[in-house]
2 protein chains.
Amino acid sequence: MRRPTLAVVAARAGVSKSSVSRVVNGEHTVAPEIRDLVMRAVHELGYVPNAAARNLVTRRTDAVAMVVSDPPQGVLSDDPLFSTVVRVASRELEAAGKQVVLMLAESDRSRARVESHVAAGHVDGVLLLSLHGADPLPAVLARTSLPVVSFGRTAAPTVPYVDLDNAGGATLAVRHLLDRGRQRIATVTGPLDLSDARERLAGYREALRDTGRRPLVALGDFTRISGAEAMRQLLADEPSLDAVFAANDLMAIGALRTLRETGRRVPDDVAVVGFDDIEAAAYSAPALTTVRSPMADQALTAVRLLLGLLAGQTGEPVIMPNELVVREST
Amino acid sequence: MRRPTLAVVAARAGVSKSSVSRVVNGEHTVAPEIRDLVMRAVHELGYVPNAAARNLVTRRTDAVAMVVSDPPQGVLSDDPLFSTVVRVASRELEAAGKQVVLMLAESDRSRARVESHVAAGHVDGVLLLSLHGADPLPAVLARTSLPVVSFGRTAAPTVPYVDLDNAGGATLAVRHLLDRGRQRIATVTGPLDLSDARERLAGYREALRDTGRRPLVALGDFTRISGAEAMRQLLADEPSLDAVFAANDLMAIGALRTLRETGRRVPDDVAVVGFDDIEAAAYSAPALTTVRSPMADQALTAVRLLLGLLAGQTGEPVIMPNELVVREST
DNA sequence: TCCTCTTGAGGGAACGCTCCCTGAACAGCT
DNA sequence: AGCTGTTCAGGGAGCGTTCCCTCAAGAGGA
């Protein structure tokens, strides 16, 4: 048994297909009595428009792609970022009547899939979740001339993005450590192919510059384990350090683990600041001082930007502010 | 400038539309020379089939809905479960050539959206992420007679699911505490409207039954904060307790926090076991002994089950085994 | 009363594809 | 040589919409 079509509804209501179409699409050039007739038939038959047929003629899909551009074991994998951003963005897009098509771009093969899917016009626009500055995808997608918005800065000039004030946040964190009287302040960076990581490092350097202190840098990759290892490295290089700024909370949590294992008290011996304020930050031992990044707001802003583009408006990049959350680790 | 259509490709190749269609769909009743001609034209023109037109006539969509059935502040919100399951499932579905339509079902309104979307035939099948046993959605979706598979047990009899051996895992955890010589073993449950939570509680009771020990139960809701509060409650009720089985890792981490704040040493004074083995479990202080639930495998199994149903096979519920991971907290 | 103008309903082509059906070409048999 | 059977290309209807165009009906003005 087949779902009813426009024609069936029209027959039931005793009007033409055109009128039913007009009512269903909310056009105002239709007499109230006809509208009522149609509405009744629609409800009685449980009519739902066939999206495929509609897309075919309108060339709109009312769908947007949510592209997660990140390698399988990448930054977003275990990050609370993923669930927060995906959920908030989905909710907002659904509220706007858009269908959300989730696509992973974690290999060349899947990137090609994304590209052809988008180029084929299966979606009206793209919300790109990309933290990787060198990602080729933004530029590729921009070429399709479909609206694209990126969550996180991209190199493609025509792609508006929503990003944090990473450098500012890092400076905030380091200034806080300076205020606490710390003398030897190290940092654990994220993977430096990510602009987020580079900017946070730049903010760290910036804050130290005027104080005459030497930077002390160890590389991490935004995972807990890398934070633990980088901390070990830092302690070996500079046993006298008394503060660490980790470029994200997961690495800060890893660093806490190493400090605990090596018998350092936090914050007495070493103060630790993270970045992001993920929920786990409040539950570490000791609870983590961190720079809150408004991920939900950022996601919301990105979606609104995309919806604006879809509606024909233009879009400018947005930088979100952030704030320091002081807890027990400093 | 419009994307090329079948007809354009046919003209270019000097063959009929039908032949192009046959080649594009990989039918074998086509002569090699014609196939080559068509393939060349396809590549030269960058032809990609129009999905809407194809769907219209085939009544297939090659899309599946991934429905996240969970209130906004629900269990999946901050849970690593979400990102793991969503990513693994997406990857597998994409590999099978399916488009993934992400839908949230967090309110009556959005549930209705999901229902009408599915009933309207916009997808070929549904992968339901539902941990809520009383969720009305499985039954509703089952009525559409489209293939539905649930990640997590459901009450709907016709919906195959993939679930953990929750009771067995809980029993495993409690037996471990008994083996360690613990005398007074409490538990922190999840929200009891979730079957996962109920089963884990049942497993706890089961393991204690033969030992003649009295159960000691506090209610949580699978969040860190609830674990911390439940632990406080337990300590007030029974200051002499020497072990806790928390029904998930997040609550176990919350419990660790309370124990630390109240001056208990773990595991010396109180041993703690969690459930799930999320990545954070290895980074708590002390590192958490926990029951590993193979979430990635479970997601994969669910997807395979769904793909089987889509291919016309039948599907039976699957129960995944789990194992104990012993760390520092016991 | 007639004409023009406006409002709004109906008819039907078009969107790009699949798939059924027809029929051409050729092989194999009597 | 003639007939049957098989293989495979082409023609064209139809999928369920939208939207342009035509046209009927009624309002308003001369």
# chains A, B, ... in the order shown; residues from 1 in each chain; ligands from 1

call {"tool": "residues_around", "arguments": {"residues": "A:Gly203", "least_positions_apart": "5", "cutoff": "6 Å", "atoms": "only C-alpha atoms (C1' of nucleotides)", "output": "count of residues only"}}
result
3

call {"tool": "closest_atom_pairs", "arguments": {"of": "chain D", "to": "chain B", "cutoff": "8 Å", "atoms": "only C-alpha atoms (C1' of nucleotides)", "output": "Markdown table"}}
result
| residue | atom | partner | partner_atom | distance |
| --- | --- | --- | --- | --- |
| D:DC8 | C1' | B:Thr29 | CA | 6.5 |
| D:DA9 | C1' | B:Ser19 | CA | 7.0 |
| D:DG10 | C1' | B:Ser16 | CA | 6.0 |
| D:DC15 | C1' | B:Val57 | CA | 4.7 |
| D:DG16 | C1' | B:Leu56 | CA | 7.5 |

call {"tool": "write_last_selection", "arguments": {"atoms": "N, CA and C atoms (P, O5', C5', C4', C3', O3' and C1' of nucleotides)", "output": "mmCIF file, in the first residue's frame"}}
result
data_model
loop_
_atom_site.group_PDB
_atom_site.id
_atom_site.type_symbol
_atom_site.label_atom_id
_atom_site.label_comp_id
_atom_site.auth_asym_id
_atom_site.auth_seq_id
_atom_site.Cartn_x
_atom_site.Cartn_y
_atom_site.Cartn_z
ATOM 1 P P DC D 8 24.917 -9.958 -23.951
ATOM 2 O "O5'" DC D 8 24.329 -8.594 -24.498
ATOM 3 C "C5'" DC D 8 24.524 -8.254 -25.876
ATOM 4 C "C4'" DC D 8 23.627 -7.100 -26.237
ATOM 5 C "C3'" DC D 8 23.544 -5.986 -25.183
ATOM 6 O "O3'" DC D 8 23.561 -4.755 -25.854
ATOM 7 C "C1'" DC D 8 21.415 -6.611 -25.809
ATOM 8 P P DA D 9 24.211 -3.450 -25.189
ATOM 9 O "O5'" DA D 9 23.523 -2.293 -26.037
ATOM 10 C "C5'" DA D 9 23.749 -2.262 -27.444
ATOM 11 C "C4'" DA D 9 22.608 -1.541 -28.128
ATOM 12 C "C3'" DA D 9 22.287 -0.175 -27.523
ATOM 13 O "O3'" DA D 9 22.098 0.761 -28.571
ATOM 14 C "C1'" DA D 9 20.355 -1.560 -27.458
ATOM 15 P P DG D 10 21.810 2.278 -28.213
ATOM 16 O "O5'" DG D 10 20.232 2.325 -28.364
ATOM 17 C "C5'" DG D 10 19.665 1.994 -29.638
ATOM 18 C "C4'" DG D 10 18.173 2.242 -29.626
ATOM 19 C "C3'" DG D 10 17.749 3.607 -29.087
ATOM 20 O "O3'" DG D 10 16.705 4.084 -29.920
ATOM 21 C "C1'" DG D 10 16.691 1.894 -27.832
ATOM 22 P P DC D 15 2.876 6.598 -12.299
ATOM 23 O "O5'" DC D 15 3.958 6.999 -11.217
ATOM 24 C "C5'" DC D 15 4.843 6.035 -10.685
ATOM 25 C "C4'" DC D 15 5.997 6.751 -10.050
ATOM 26 C "C3'" DC D 15 5.568 8.015 -9.309
ATOM 27 O "O3'" DC D 15 5.333 7.684 -7.937
ATOM 28 C "C1'" DC D 15 7.565 8.363 -10.632
ATOM 29 P P DG D 16 3.937 8.128 -7.273
ATOM 30 O "O5'" DG D 16 4.230 9.639 -6.877
ATOM 31 C "C5'" DG D 16 5.250 9.889 -5.941
ATOM 32 C "C4'" DG D 16 5.495 11.376 -5.885
ATOM 33 C "C3'" DG D 16 4.260 12.209 -5.566
ATOM 34 O "O3'" DG D 16 4.648 13.207 -4.642
ATOM 35 C "C1'" DG D 16 5.240 12.975 -7.555
#

call {"tool": "closest_atom_pairs", "arguments": {"of": "chain A", "to": "chain B", "cutoff": "8 Å", "atoms": "only C-alpha atoms", "output": "Markdown table"}}
result
| residue | atom | partner | partner_atom | distance |
| --- | --- | --- | --- | --- |
| A:Arg3 | CA | B:Ala120 | CA | 7.9 |
| A:Val48 | CA | B:Ala120 | CA | 6.1 |
| A:Pro49 | CA | B:Ala120 | CA | 7.7 |
| A:Asn50 | CA | B:Ala120 | CA | 7.2 |
| A:Ala51 | CA | B:His122 | CA | 7.1 |
| A:Ala52 | CA | B:Ala52 | CA | 4.5 |
| A:Ala53 | CA | B:Leu56 | CA | 5.9 |
| A:Asn55 | CA | B:Ala52 | CA | 6.1 |
| A:Leu56 | CA | B:Ala52 | CA | 5.4 |
| A:Ser77 | CA | B:Ser83 | CA | 6.6 |
| A:Asp78 | CA | B:Pro80 | CA | 6.3 |
| A:Asp79 | CA | B:Pro80 | CA | 7.7 |
| A:Pro80 | CA | B:Asp78 | CA | 6.4 |
| A:Phe82 | CA | B:Ser83 | CA | 6.1 |
| A:Ser83 | CA | B:Ser83 | CA | 5.6 |
| A:Thr84 | CA | B:Ser77 | CA | 7.1 |
| A:Arg87 | CA | B:Leu104 | CA | 7.7 |
| A:Ser90 | CA | B:Leu104 | CA | 7.2 |
| A:Arg91 | CA | B:Leu104 | CA | 6.9 |
| A:Glu94 | CA | B:Met103 | CA | 7.8 |
| A:Gln99 | CA | B:Val101 | CA | 7.1 |
| A:Val100 | CA | B:Leu102 | CA | 5.5 |
| A:Val101 | CA | B:Val101 | CA | 4.5 |
| A:Leu102 | CA | B:Val100 | CA | 5.5 |
| A:Met103 | CA | B:Val100 | CA | 7.1 |
| A:Leu104 | CA | B:Arg91 | CA | 6.9 |
| A:Ser116 | CA | B:Val48 | CA | 7.7 |
| A:Ala120 | CA | B:Val48 | CA | 6.1 |
| A:His122 | CA | B:Ala51 | CA | 7.1 |
| A:Arg224 | CA | B:Tyr283 | CA | 7.8 |
| A:Ile253 | CA | B:Tyr283 | CA | 7.3 |
| A:Gly254 | CA | B:Tyr283 | CA | 6.8 |
| A:Arg257 | CA | B:Tyr283 | CA | 6.8 |
| A:Glu279 | CA | B:Asp78 | CA | 7.6 |
| A:Tyr283 | CA | B:Gly254 | CA | 6.9 |
| A:Ser284 | CA | B:Ser284 | CA | 7.0 |
| A:Ala285 | CA | B:Ala285 | CA | 6.5 |

call {"tool": "closest_atom_pairs", "arguments": {"of": "chain C", "to": "chain A", "cutoff": "9 Å", "atoms": "only C-alpha atoms (C1' of nucleotides)", "output": "Markdown table"}}
result
| residue | atom | partner | partner_atom | distance |
| --- | --- | --- | --- | --- |
| C:DT7 | C1' | A:Thr29 | CA | 8.2 |
| C:DG8 | C1' | A:Thr29 | CA | 6.4 |
| C:DA9 | C1' | A:Ser19 | CA | 7.1 |
| C:DG10 | C1' | A:Ser16 | CA | 6.0 |
| C:DG11 | C1' | A:Ser16 | CA | 8.9 |
| C:DA14 | C1' | A:Val57 | CA | 8.0 |
| C:DC15 | C1' | A:Val57 | CA | 4.7 |
| C:DG16 | C1' | A:Leu56 | CA | 7.5 |

call {"tool": "residues_around", "arguments": {"residues": "C:DC29", "least_positions_apart": "5", "cutoff": "10 Å", "atoms": "only C-alpha atoms (C1' of nucleotides)", "output": "PDB file with C-alpha atoms (C1' of nucleotides), in the first residue's frame"}}
result
ATOM      1  C1'  DC D   3      13.158 -21.006 -38.197  1.00  0.00           C
ATOM      2  C1'  DT D   4      13.709 -20.434 -33.245  1.00  0.00           C
ATOM      3  C1'  DG D   5      16.121 -18.635 -29.372  1.00  0.00           C
TER       4       DG D   5
END

call {"tool": "atom_distance", "arguments": {"atom1": "atom CA of A:Leu146", "atom2": "atom CA of A:Val67"}}
result
13.8 Å

call {"tool": "residues_around", "arguments": {"residues": "D:DG29", "least_positions_apart": "2", "cutoff": "10 Å", "atoms": "only C-alpha atoms (C1' of nucleotides)", "output": "PyMOL selection string"}}
result
(chain C and resi 3-4) or (chain D and resi 27)

call {"tool": "write_last_selection", "arguments": {"atoms": "N, CA and C atoms (P, O5', C5', C4', C3', O3' and C1' of nucleotides)", "output": "PDB file, in the first residue's frame"}}
result
ATOM      1  P    DC C   3     -17.777  45.218 -24.928  1.00  0.00           P
ATOM      2  O5'  DC C   3     -16.468  45.750 -24.193  1.00  0.00           O
ATOM      3  C5'  DC C   3     -16.237  47.156 -24.083  1.00  0.00           C
ATOM      4  C4'  DC C   3     -15.313  47.398 -22.913  1.00  0.00           C
ATOM      5  C3'  DC C   3     -14.117  46.450 -22.850  1.00  0.00           C
ATOM      6  O3'  DC C   3     -12.913  47.175 -22.986  1.00  0.00           O
ATOM      7  C1'  DC C   3     -15.150  46.687 -20.714  1.00  0.00           C
ATOM      8  P    DT C   4     -11.498  46.370 -23.092  1.00  0.00           P
ATOM      9  O5'  DT C   4     -10.935  46.595 -21.624  1.00  0.00           O
ATOM     10  C5'  DT C   4     -10.878  47.925 -21.082  1.00  0.00           C
ATOM     11  C4'  DT C   4     -10.503  47.849 -19.614  1.00  0.00           C
ATOM     12  C3'  DT C   4      -9.229  47.052 -19.329  1.00  0.00           C
ATOM     13  O3'  DT C   4      -8.400  47.829 -18.484  1.00  0.00           O
ATOM     14  C1'  DT C   4     -11.009  46.299 -17.955  1.00  0.00           C
TER      15       DT C   4
ATOM     16  P    DA D  27     -18.388  40.419  -6.601  1.00  0.00           P
ATOM     17  O5'  DA D  27     -17.381  41.642  -6.757  1.00  0.00           O
ATOM     18  C5'  DA D  27     -16.023  41.479  -6.345  1.00  0.00           C
ATOM     19  C4'  DA D  27     -15.222  42.701  -6.764  1.00  0.00           C
ATOM     20  C3'  DA D  27     -15.945  44.026  -6.560  1.00  0.00           C
ATOM     21  O3'  DA D  27     -15.014  44.990  -6.080  1.00  0.00           O
ATOM     22  C1'  DA D  27     -15.401  43.773  -8.847  1.00  0.00           C
TER      23       DA D  27
END

call {"tool": "atom_distance", "arguments": {"atom1": "atom CA of A:Leu131", "atom2": "atom CA of A:Ser69"}}
result
7.7 Å

call {"tool": "select_by_dssp", "arguments": {"residues": "stretch 125-289 of chain B", "states": "strand (DSSP E or B)", "output": "ChimeraX atom specification"}}
result
/B:125-130,132,148-151,161-164,185-189,194,217-219,243-246,271-276,289

call {"tool": "write_last_selection", "arguments": {"atoms": "N, CA and C atoms", "output": "short mmCIF file (atom, residue, chain, number, x, y, z; two decimals), in the first residue's frame"}}
result
data_model
loop_
_atom_site.label_atom_id
_atom_site.label_comp_id
_atom_site.auth_asym_id
_atom_site.auth_seq_id
_atom_site.Cartn_x
_atom_site.Cartn_y
_atom_site.Cartn_z
N GLY B 125 16.00 2.82 6.36
CA GLY B 125 16.06 2.09 7.63
C GLY B 125 16.50 3.01 8.74
N VAL B 126 16.46 2.50 9.95
CA VAL B 126 16.77 3.33 11.11
C VAL B 126 17.73 2.62 12.06
N LEU B 127 18.76 3.33 12.44
CA LEU B 127 19.61 2.88 13.53
C LEU B 127 19.26 3.74 14.73
N LEU B 128 18.74 3.08 15.75
CA LEU B 128 18.23 3.81 16.89
C LEU B 128 19.23 3.73 18.02
N LEU B 129 19.65 4.89 18.52
CA LEU B 129 20.51 4.91 19.70
C LEU B 129 19.64 5.25 20.89
N SER B 130 19.22 4.21 21.58
CA SER B 130 18.27 4.45 22.66
C SER B 130 18.63 3.61 23.85
N HIS B 132 16.95 4.07 26.66
CA HIS B 132 15.81 4.26 27.52
C HIS B 132 14.80 3.15 27.23
N VAL B 148 14.49 -1.55 11.40
CA VAL B 148 14.98 -0.76 12.54
C VAL B 148 15.87 -1.65 13.38
N VAL B 149 17.01 -1.11 13.78
CA VAL B 149 17.87 -1.83 14.72
C VAL B 149 18.17 -0.87 15.85
N SER B 150 18.17 -1.39 17.05
CA SER B 150 18.43 -0.53 18.20
C SER B 150 19.77 -0.84 18.83
N PHE B 151 20.49 0.22 19.12
CA PHE B 151 21.71 0.12 19.91
C PHE B 151 21.24 0.23 21.35
N TYR B 161 18.01 -5.79 18.59
CA TYR B 161 18.90 -4.84 19.25
C TYR B 161 20.25 -5.49 19.51
N VAL B 162 21.21 -4.64 19.82
CA VAL B 162 22.52 -5.13 20.24
C VAL B 162 22.77 -4.54 21.62
N ASP B 163 22.98 -5.40 22.57
CA ASP B 163 23.13 -4.90 23.93
C ASP B 163 24.28 -5.61 24.63
N LEU B 164 24.67 -5.05 25.75
CA LEU B 164 25.71 -5.67 26.55
C LEU B 164 25.12 -6.71 27.47
N ILE B 185 29.94 -4.04 50.48
CA ILE B 185 30.01 -3.56 49.09
C ILE B 185 28.72 -2.85 48.70
N ALA B 186 28.85 -1.56 48.40
CA ALA B 186 27.68 -0.76 48.00
C ALA B 186 27.63 -0.63 46.49
N THR B 187 26.52 -0.09 46.02
CA THR B 187 26.45 0.21 44.59
C THR B 187 25.80 1.56 44.37
N VAL B 188 26.22 2.22 43.29
CA VAL B 188 25.54 3.43 42.83
C VAL B 188 24.90 3.07 41.50
N THR B 189 23.59 3.19 41.44
CA THR B 189 22.88 2.77 40.22
C THR B 189 22.76 3.92 39.23
N LEU B 194 16.24 3.20 32.83
CA LEU B 194 17.08 2.63 31.78
C LEU B 194 17.34 1.16 32.09
N VAL B 217 22.32 0.28 48.44
CA VAL B 217 22.07 0.89 47.14
C VAL B 217 21.83 2.39 47.24
N ALA B 218 22.48 3.16 46.37
CA ALA B 218 22.16 4.58 46.25
C ALA B 218 21.87 4.87 44.78
N LEU B 219 20.93 5.75 44.56
CA LEU B 219 20.53 6.06 43.19
C LEU B 219 21.37 7.17 42.58
N ALA B 243 33.78 -0.89 49.84
CA ALA B 243 33.82 -1.04 48.38
C ALA B 243 32.56 -0.48 47.75
N VAL B 244 32.72 0.02 46.52
CA VAL B 244 31.58 0.55 45.78
C VAL B 244 31.66 0.08 44.33
N PHE B 245 30.54 -0.40 43.86
CA PHE B 245 30.41 -0.67 42.43
C PHE B 245 29.51 0.40 41.84
N ALA B 246 30.06 1.27 40.99
CA ALA B 246 29.25 2.30 40.33
C ALA B 246 28.83 1.78 38.97
N ALA B 271 37.40 0.43 47.97
CA ALA B 271 37.70 0.05 46.58
C ALA B 271 36.56 0.51 45.69
N VAL B 272 36.89 0.90 44.47
CA VAL B 272 35.87 1.40 43.55
C VAL B 272 35.98 0.69 42.20
N VAL B 273 34.83 0.24 41.70
CA VAL B 273 34.77 -0.33 40.36
C VAL B 273 33.74 0.44 39.56
N GLY B 274 34.06 0.72 38.31
CA GLY B 274 33.13 1.40 37.42
C GLY B 274 32.59 0.45 36.37
N PHE B 275 32.01 1.02 35.34
CA PHE B 275 31.47 0.22 34.25
C PHE B 275 31.54 1.05 32.97
N ASP B 276 32.10 0.50 31.93
CA ASP B 276 32.17 1.07 30.56
C ASP B 276 33.60 1.09 30.04
N THR B 289 39.41 0.69 38.14
CA THR B 289 39.05 -0.68 37.73
C THR B 289 37.63 -0.63 37.20
#

call {"tool": "residues_around", "arguments": {"residues": "A:Leu45", "least_positions_apart": "6", "cutoff": "9 Å", "atoms": "only C-alpha atoms (C1' of nucleotides)", "output": "ChimeraX atom specification"}}
result
/A:3-4,8-9,12

call {"tool": "atom_distance", "arguments": {"atom1": "atom CA of A:Pro294", "atom2": "atom CA of A:Leu208"}}
result
25.1 Å

call {"tool": "residues_around", "arguments": {"residues": "B:Val291", "least_positions_apart": "2", "cutoff": "7 Å", "atoms": "only C-alpha atoms (C1' of nucleotides)", "output": "list in words"}}
result
Gly169, Ala173, Gly274, Phe275, Asp276, Asp277, Ser293, Asn322, Glu323, Leu324 and Val325 of chain B

call {"tool": "closest_residue", "arguments": {"among": "D:DG12, D:DA1, D:DT6, D:DC23", "to": "C:DT22", "atoms": "only C-alpha atoms (C1' of nucleotides)"}}
result
D:DG12
